[in-house]
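S.K.: Shown below is the structure under consideration.
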Amino acid sequence: MRKSVSLLIVALFSLIVFADEFEIAQAALRDGLWDLARYHAEKSEGENSKLVILESFAMEGDWHKVLDNLEAWNYPEGELYRLYQSAALLRTGDIINAEEQLRDLNFAEEANARFAARIKSEIEITKAQYDKAFAFLEESKAEDWGSLLIKASLLSKLDKANAALDIYKTLAVSSTVPAIVKRVASLKVAISDLKNPEKREVAVKTIKEVVKDAPDSYGAVSSYLELAKMHLDEGAWSSAIAVYEEALGIWPNLIADTEFLEGRGWANLKLGKYEEAISDFTQVDNLSDDKETKSLALLKLADALSASGRGSEAMNQYHVIRDKFPDTVAAKRLRNYLKLRELEVIGRDAFHEYRFADAAEAFDKIAEADNDLTLKMSYFKVLCLYGQGRDAEAEALAKKLAEEKRDEKVRTDSILWLAKVAYNRGDWDEAESLFSRYVREIPLAGEAPYALLWAARAAFSAGDFSKAISLATSLAANYPESTAVAAALIVQGEALIQLARFDEAILVLERVVMLGDVSESLNLKARTLRADALFALGADNSKRYEDALNLYRDIRDDALISDSDKIVVEYKIARTLEKLKRLEEAIDRYYSNVVLAFHDGAEKGVIYDDEARGSFSKAGFRLANEYESRGRDFQAIKVLTLILTSGVNAQFEAEKQIERIEAKGKFL
């Protein structure tokens, strides 16, 4: 008996579930659960279940499935089925048959009439007949969210942005529209608010939150590109690049999108990343079949080529635009623009030939002819003034441009130029401040890691070793792929040595040696500094002297070591031998491999650097003092005479020491 009751309950439950399938399908459709709506609609009986299935696919934008189901059902009779078929044909590109499905339809239900009006409106939109499309919507008086979205889009196209925005604002806060619609409307409102400084922060946050939650939402990509465009319009090129890189990470397919490539290329051009800009504009030319898009891309490509010093290639591109796309916007610009570009190429060529006055004259003419180019030409004028030896005028103009807010590239180029000038004259604090400012303002520029490197070098030269370490560390952390990393690690290692943090220095310098693509000179510098750190640790552990000696010998035997470096390393080998209490070996090396080698090399015309000259002097005085301490004044004077006749800065000290020894009147 209990078993029979159980079976009856199951049977009754099954009947209840079966009876509610359509209601569940409707609820799932209302809540945006498209797959569940279909699942329950397919289990339901009646024609209305088919309409739920069609609507669920329509909401997902899978219009091919709408057509497939209609075909599988042998195209059921009824105006609503015709409407779905028309909408699906429209969305899949068959405009003619979409119109045909609407022909001679008389709608018994007002909702179907509104649906038809919306489809007719969208058909007219595909034909760019925006007034006619808007009229269809107005006649239907439709207020459903689908019609409102289309109406807002049409109002935007009809230059009625405020009316469109009102609709989007209403939809964005509505509690009755699907989440997908709220996201679309929110993005539209946020894009509008980007233009208002007081609302911008919230707008940016809205765009990023919507994209994070639903990156495939309609309007998500375009909103991100608008965010980048906002930065472009303000001349904030590095910020624009940052947004483009974020967008590419979210939507990798953007790499083949011409709007994306155009925007990123322009930002790269303004940042001075000319090769990247050339690549982006070349891609636009290759991807697009539209002559307007291609010609504008070629125009910017030519600008990038010109800016990178490839003047003849740039002129070829200008002529291609003029000859191949004569009726385009780009070609019309070129009628005046080409004369200016030719002048710029002439100016650049004159500059590269050191004809600075001629270059300045060409740049002045461009500035007079085009106000938009005034700032750029002013920066070129800075370079010309400096080339003419008019340093004070050049710096004054550069400082003015360094505060210019209207053009990020001109401003940051001026900052970088001032930093280099300050470094060259040994104004280390000013140089470090300007190099660091450049990196803060334009961190994504191709020159940014190198500016950070020079900032670290300036801090080191100023004796601020902690700051040098901090700047070098920042470079390695923020630009790990840059070729400047090896040089920065060397600055860091050298600064650590100055702070007597020898163990840390050794670890840092070992990283340089392990890096794959490091120049021989940097590799040699890193190994030498590492040996110096080992030598310093020898005071507490004589084993470190042995390690330093072995490393110095390896460096000395390097086939690519220069004459100057060989003198320096030989001095360090002798000094290490002395620390190991191998004094006679040390004396022999001080004399044979440092003093005599330097003197003979100088007589043969070898030009030694300051470090080699210093090593020679130190070795000579060390020998002289040793001989004098042994009572061998004659030998001491002979060594000091070698210093006196070698043209080094220590001549005065050598002469005084010779006089002192000779005054003793004792020679062996």
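Note on naming: chains are A, B, ... as they come in the structure tokens, residues start from 1 per chain, ligands start from 1 in the order shown.
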Taking a cut-off of 9 Å and counting only C-alpha atoms, can you build a table that, for each residue of stretch 257-344 of chain A near stretch 225-232 of chain A, reports the nearest atom pair and how far apart they are in Å (one decimal), sorted by chain then residue number, as CSV?
M.R.:
residue,atom,partner,partner_atom,distance
A:Glu259,CA,A:Leu225,CA,8.2
A:Phe260,CA,A:Leu225,CA,7.0
A:Gly263,CA,A:Lys229,CA,7.2
A:Arg264,CA,A:Ala228,CA,8.7
A:Trp266,CA,A:Leu232,CA,8.3
A:Ala267,CA,A:Leu232,CA,6.9
S.K.: Could the residues in this selection be saved with N, CA and C atoms as a tab-separated table (two decimals), in the first residue's frame?
M.R.:
chain	number	residue	atom	x	y	z
A	259	GLU	N	40.27	50.77	-36.35
A	259	GLU	CA	40.09	51.90	-35.44
A	259	GLU	C	41.09	51.82	-34.28
A	260	PHE	N	41.25	50.61	-33.75
A	260	PHE	CA	42.22	50.39	-32.67
A	260	PHE	C	43.63	50.72	-33.15
A	263	GLY	N	44.25	54.53	-33.67
A	263	GLY	CA	44.43	55.26	-32.41
A	263	GLY	C	45.76	54.95	-31.75
A	264	ARG	N	46.10	53.66	-31.68
A	264	ARG	CA	47.36	53.29	-31.04
A	264	ARG	C	48.55	53.81	-31.85
A	266	TRP	N	48.65	56.51	-33.66
A	266	TRP	CA	48.78	57.96	-33.42
A	266	TRP	C	49.47	58.23	-32.09
A	267	ALA	N	49.06	57.47	-31.05
A	267	ALA	CA	49.69	57.64	-29.73
A	267	ALA	C	51.17	57.27	-29.79
S.K.: Write out as a ChimeraX atom specification which residues come within 9 Å of A:Ala536 when counting only C-alpha atoms, dropping same-chain ones fewer than 3 positions away.
M.R.: /A:497,500,502,531-533,539-540,544-545
S.K.: Within 12 Å of A:Ala419, counting only C-alpha atoms, which residues show up once you throw out same-chain ones fewer than 2 positions away? Write them as a PyMOL selection string, please.
M.R.: chain A and resi 395+398-399+402+412-417+421-439+450-452+454-455+458
S.K.: Can you tell me which residues surround A:Asn268 at a distance of at most 10 Å, considering only C-alpha atoms, apart from same-chain residues fewer than 3 positions away, and format the answer as a compact mmCIF listing (two decimals) with all heavy atoms, in the first residue's frame?
M.R.:
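Ended up saving to out-v7.txt:
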# COMPACT_ATOMS: atom_id res chain seq x y z
N TRP A 237 49.26 60.95 -24.38
CA TRP A 237 49.56 59.81 -25.26
C TRP A 237 49.87 58.54 -24.47
O TRP A 237 49.42 57.45 -24.85
CB TRP A 237 50.73 60.16 -26.18
CG TRP A 237 50.66 61.54 -26.74
CD1 TRP A 237 51.54 62.55 -26.56
CD2 TRP A 237 49.62 62.09 -27.57
NE1 TRP A 237 51.13 63.69 -27.20
CE2 TRP A 237 49.95 63.44 -27.84
CE3 TRP A 237 48.43 61.58 -28.10
CZ2 TRP A 237 49.17 64.26 -28.61
CZ3 TRP A 237 47.64 62.40 -28.87
CH2 TRP A 237 48.01 63.73 -29.12
N SER A 238 50.63 58.66 -23.40
CA SER A 238 51.00 57.46 -22.64
C SER A 238 49.76 56.85 -21.97
O SER A 238 49.64 55.63 -21.89
CB SER A 238 52.06 57.79 -21.59
OG SER A 238 51.64 58.85 -20.76
N ALA A 240 46.74 57.00 -23.17
CA ALA A 240 46.01 56.35 -24.27
C ALA A 240 46.60 54.98 -24.57
O ALA A 240 45.86 53.99 -24.73
CB ALA A 240 46.04 57.23 -25.51
N ILE A 241 47.93 54.91 -24.64
CA ILE A 241 48.58 53.62 -24.91
C ILE A 241 48.23 52.61 -23.83
O ILE A 241 47.99 51.43 -24.11
CB ILE A 241 50.11 53.80 -24.99
CG1 ILE A 241 50.50 54.46 -26.32
CG2 ILE A 241 50.83 52.48 -24.85
CD1 ILE A 241 50.36 53.55 -27.52
N GLU A 262 44.62 52.57 -35.68
CA GLU A 262 44.79 54.00 -35.98
C GLU A 262 45.07 54.79 -34.71
O GLU A 262 45.98 55.63 -34.66
CB GLU A 262 43.54 54.54 -36.66
CG GLU A 262 43.41 54.19 -38.13
CD GLU A 262 42.12 54.72 -38.71
OE1 GLU A 262 41.15 54.89 -37.95
OE2 GLU A 262 42.07 54.95 -39.93
N GLY A 263 44.25 54.53 -33.67
CA GLY A 263 44.43 55.26 -32.41
C GLY A 263 45.76 54.95 -31.75
O GLY A 263 46.47 55.85 -31.31
N ARG A 264 46.10 53.66 -31.68
CA ARG A 264 47.36 53.29 -31.04
C ARG A 264 48.55 53.81 -31.85
O ARG A 264 49.56 54.27 -31.28
CB ARG A 264 47.46 51.77 -30.90
CG ARG A 264 48.63 51.33 -30.03
CD ARG A 264 48.67 49.84 -29.83
NE ARG A 264 49.06 49.14 -31.05
CZ ARG A 264 49.38 47.85 -31.10
NH1 ARG A 264 49.33 47.11 -30.00
NH2 ARG A 264 49.71 47.27 -32.24
N GLY A 265 48.42 53.76 -33.17
CA GLY A 265 49.50 54.27 -34.01
C GLY A 265 49.75 55.75 -33.79
O GLY A 265 50.90 56.20 -33.71
N LEU A 271 54.39 59.62 -29.04
CA LEU A 271 55.34 59.23 -28.00
C LEU A 271 56.76 59.08 -28.54
O LEU A 271 57.69 58.82 -27.79
CB LEU A 271 54.91 57.90 -27.36
CG LEU A 271 53.76 57.97 -26.36
CD1 LEU A 271 53.29 56.58 -26.01
CD2 LEU A 271 54.18 58.71 -25.11
N GLY A 272 56.91 59.22 -29.86
CA GLY A 272 58.22 59.05 -30.45
C GLY A 272 58.58 57.60 -30.69
O GLY A 272 59.73 57.27 -30.98
N LYS A 273 57.60 56.69 -30.56
CA LYS A 273 57.84 55.27 -30.82
C LYS A 273 57.52 55.02 -32.31
O LYS A 273 56.49 54.45 -32.67
CB LYS A 273 56.98 54.42 -29.89
CG LYS A 273 57.28 54.67 -28.42
CD LYS A 273 56.28 54.02 -27.50
CE LYS A 273 56.53 52.55 -27.35
NZ LYS A 273 55.69 51.94 -26.27
N TYR A 274 58.46 55.48 -33.15
CA TYR A 274 58.17 55.57 -34.57
C TYR A 274 58.01 54.22 -35.25
O TYR A 274 57.15 54.04 -36.11
CB TYR A 274 59.27 56.39 -35.26
CG TYR A 274 59.38 57.79 -34.71
CD1 TYR A 274 60.59 58.28 -34.22
CD2 TYR A 274 58.27 58.62 -34.65
CE1 TYR A 274 60.68 59.55 -33.69
CE2 TYR A 274 58.35 59.90 -34.13
CZ TYR A 274 59.57 60.36 -33.65
OH TYR A 274 59.65 61.62 -33.12
N GLU A 275 58.84 53.25 -34.88
CA GLU A 275 58.73 51.94 -35.51
C GLU A 275 57.38 51.30 -35.20
O GLU A 275 56.77 50.66 -36.06
CB GLU A 275 59.88 51.03 -35.07
CG GLU A 275 61.24 51.47 -35.59
CD GLU A 275 61.27 51.65 -37.10
OE1 GLU A 275 60.72 50.77 -37.81
OE2 GLU A 275 61.81 52.66 -37.57
N GLU A 276 56.92 51.45 -33.95
CA GLU A 276 55.61 50.91 -33.57
C GLU A 276 54.50 51.61 -34.34
O GLU A 276 53.56 50.98 -34.81
CB GLU A 276 55.38 51.07 -32.07
CG GLU A 276 56.25 50.17 -31.20
CD GLU A 276 57.58 50.84 -30.84
OE1 GLU A 276 58.01 51.77 -31.56
OE2 GLU A 276 58.19 50.42 -29.84
N ALA A 277 54.62 52.94 -34.49
CA ALA A 277 53.62 53.70 -35.24
C ALA A 277 53.61 53.27 -36.70
O ALA A 277 52.54 53.07 -37.30
CB ALA A 277 53.91 55.20 -35.13
N ILE A 278 54.79 53.11 -37.28
CA ILE A 278 54.89 52.68 -38.69
C ILE A 278 54.21 51.33 -38.86
O ILE A 278 53.47 51.10 -39.83
CB ILE A 278 56.37 52.62 -39.12
CG1 ILE A 278 56.93 54.05 -39.24
CG2 ILE A 278 56.54 51.86 -40.43
CD1 ILE A 278 58.44 54.12 -39.36
N SER A 279 54.43 50.42 -37.92
CA SER A 279 53.82 49.09 -37.98
C SER A 279 52.29 49.19 -37.92
O SER A 279 51.58 48.53 -38.70
CB SER A 279 54.34 48.23 -36.84
OG SER A 279 53.67 46.99 -36.80
N ASP A 280 51.77 50.02 -36.99
CA ASP A 280 50.32 50.15 -36.84
C ASP A 280 49.66 50.72 -38.09
O ASP A 280 48.65 50.19 -38.58
CB ASP A 280 49.99 51.04 -35.63
CG ASP A 280 50.19 50.32 -34.31
OD1 ASP A 280 50.20 49.08 -34.30
OD2 ASP A 280 50.34 51.01 -33.28
N ALA A 304 55.10 59.39 -39.65
CA ALA A 304 55.98 58.58 -38.79
C ALA A 304 57.33 58.35 -39.45
O ALA A 304 58.38 58.40 -38.80
CB ALA A 304 55.30 57.24 -38.47
N LEU A 444 55.48 55.11 -20.72
CA LEU A 444 55.43 54.10 -21.77
C LEU A 444 56.27 54.47 -22.99
O LEU A 444 56.31 53.73 -23.97
CB LEU A 444 53.98 53.87 -22.20
CG LEU A 444 53.06 53.29 -21.11
CD1 LEU A 444 51.64 53.17 -21.63
CD2 LEU A 444 53.56 51.94 -20.64
N ALA A 445 56.93 55.62 -22.95
CA ALA A 445 57.74 56.03 -24.09
C ALA A 445 58.93 55.10 -24.26
O ALA A 445 59.44 54.52 -23.30
CB ALA A 445 58.24 57.47 -23.89
N GLY A 446 59.37 54.95 -25.51
CA GLY A 446 60.51 54.10 -25.78
C GLY A 446 61.77 54.55 -25.06
O GLY A 446 62.63 53.73 -24.71
S.K.: Could you find all residues in stretch 66-141 of chain A that DSSP calls helix (DSSP H, G or I) from the backbone, and write them as number ranges by chain?
M.R.: A: 66-72, 79-91, 95-102, 110-126, 130-140
S.K.: Check the smallest atom-to-atom distance from each of A:Lys581, A:Lys120, A:Arg333, A:Lys188 to A:Ala172 using only C-alpha atoms, then report the winner.
M.R.: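 Once distances to A:Ala172 are computed over only C-alpha atoms, the minimum belongs to A:Lys188.
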S.K.: Neighbours of stretch 30-47 of chain A within 8 Å (only C-alpha atoms; same-chain residues fewer than 6 positions away dropped), as a PyMOL selection string?
M.R.: chain A and resi 18-19+21-22+24+53+56-57+59-60+178
S.K.: May I ask for the distance between atom CA of A:Gly389 and atom CA of A:Phe356, given in Å to one decimal place?
M.R.: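 Calculated distance between atom CA of A:Gly389 and atom CA of A:Phe356 is 10.0 Å.
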S.K.: I'd like the contact shell of stretch 337-347 of chain A - 6 Å cut-off, only C-alpha atoms, skipping same-chain residues fewer than 2 positions apart - returned as a list in words.
M.R.: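 In the requested form, the answer reads Gly311, Arg333, Leu334, Arg335, Asp349, Ala350, Ala359, Ala362 and Ile366 of chain A.
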S.K.: Would you export the selected residues with N, CA, C and O atoms as a compact mmCIF listing (two decimals), in the first residue's frame, please?
M.R.:
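Result saved to again.txt:
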# COMPACT_ATOMS: atom_id res chain seq x y z
N GLY A 311 63.16 60.50 -44.50
CA GLY A 311 62.49 61.55 -45.26
C GLY A 311 62.09 61.16 -46.66
O GLY A 311 60.97 61.45 -47.11
N ARG A 333 43.89 67.44 -47.84
CA ARG A 333 44.78 68.02 -46.84
C ARG A 333 46.18 68.22 -47.42
O ARG A 333 46.89 69.16 -47.09
N LEU A 334 46.57 67.28 -48.26
CA LEU A 334 47.93 67.30 -48.78
C LEU A 334 48.24 68.48 -49.69
O LEU A 334 49.39 68.83 -49.87
N ARG A 335 47.21 69.07 -50.26
CA ARG A 335 47.47 70.17 -51.19
C ARG A 335 48.26 71.29 -50.52
O ARG A 335 49.15 71.88 -51.12
N ASP A 349 66.73 67.56 -43.09
CA ASP A 349 67.96 67.24 -43.83
C ASP A 349 69.05 68.27 -43.54
O ASP A 349 70.22 67.92 -43.34
N ALA A 350 68.65 69.55 -43.51
CA ALA A 350 69.62 70.60 -43.20
C ALA A 350 70.18 70.42 -41.79
O ALA A 350 71.38 70.60 -41.55
N ALA A 359 68.06 75.10 -41.33
CA ALA A 359 67.02 74.27 -40.73
C ALA A 359 66.04 75.13 -39.95
O ALA A 359 64.81 74.98 -40.08
N ALA A 362 63.60 76.95 -42.20
CA ALA A 362 62.53 76.09 -42.71
C ALA A 362 61.48 75.84 -41.63
O ALA A 362 60.27 75.90 -41.90
N ILE A 366 57.27 76.86 -41.47
CA ILE A 366 56.18 75.92 -41.18
C ILE A 366 55.32 76.44 -40.05
O ILE A 366 54.08 76.39 -40.11
S.K.: Point out the residue among A:Gln26, A:Gln651, A:Asn550, A:Thr473 with the least atom-to-atom distance to A:Val52, counting only C-alpha atoms.
M.R.: A:Gln26
S.K.: Which neighbours of stretch 96-111 of chain A fall inside 12 Å, counting only C-alpha atoms, when residues of the same chain fewer than 2 positions from it are skipped, and could you give them as number ranges by chain?
M.R.: A: 67, 75, 78-94, 113-124, 126-127, 139-144, 147
S.K.: Please determine, counting only C-alpha atoms, which residue among A:Arg348, A:Arg355, A:Arg411, A:Arg440 has the shortest atom-to-atom distance to A:Phe380.
M.R.: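 Smallest separation from A:Phe380 among the options: A:Arg348.
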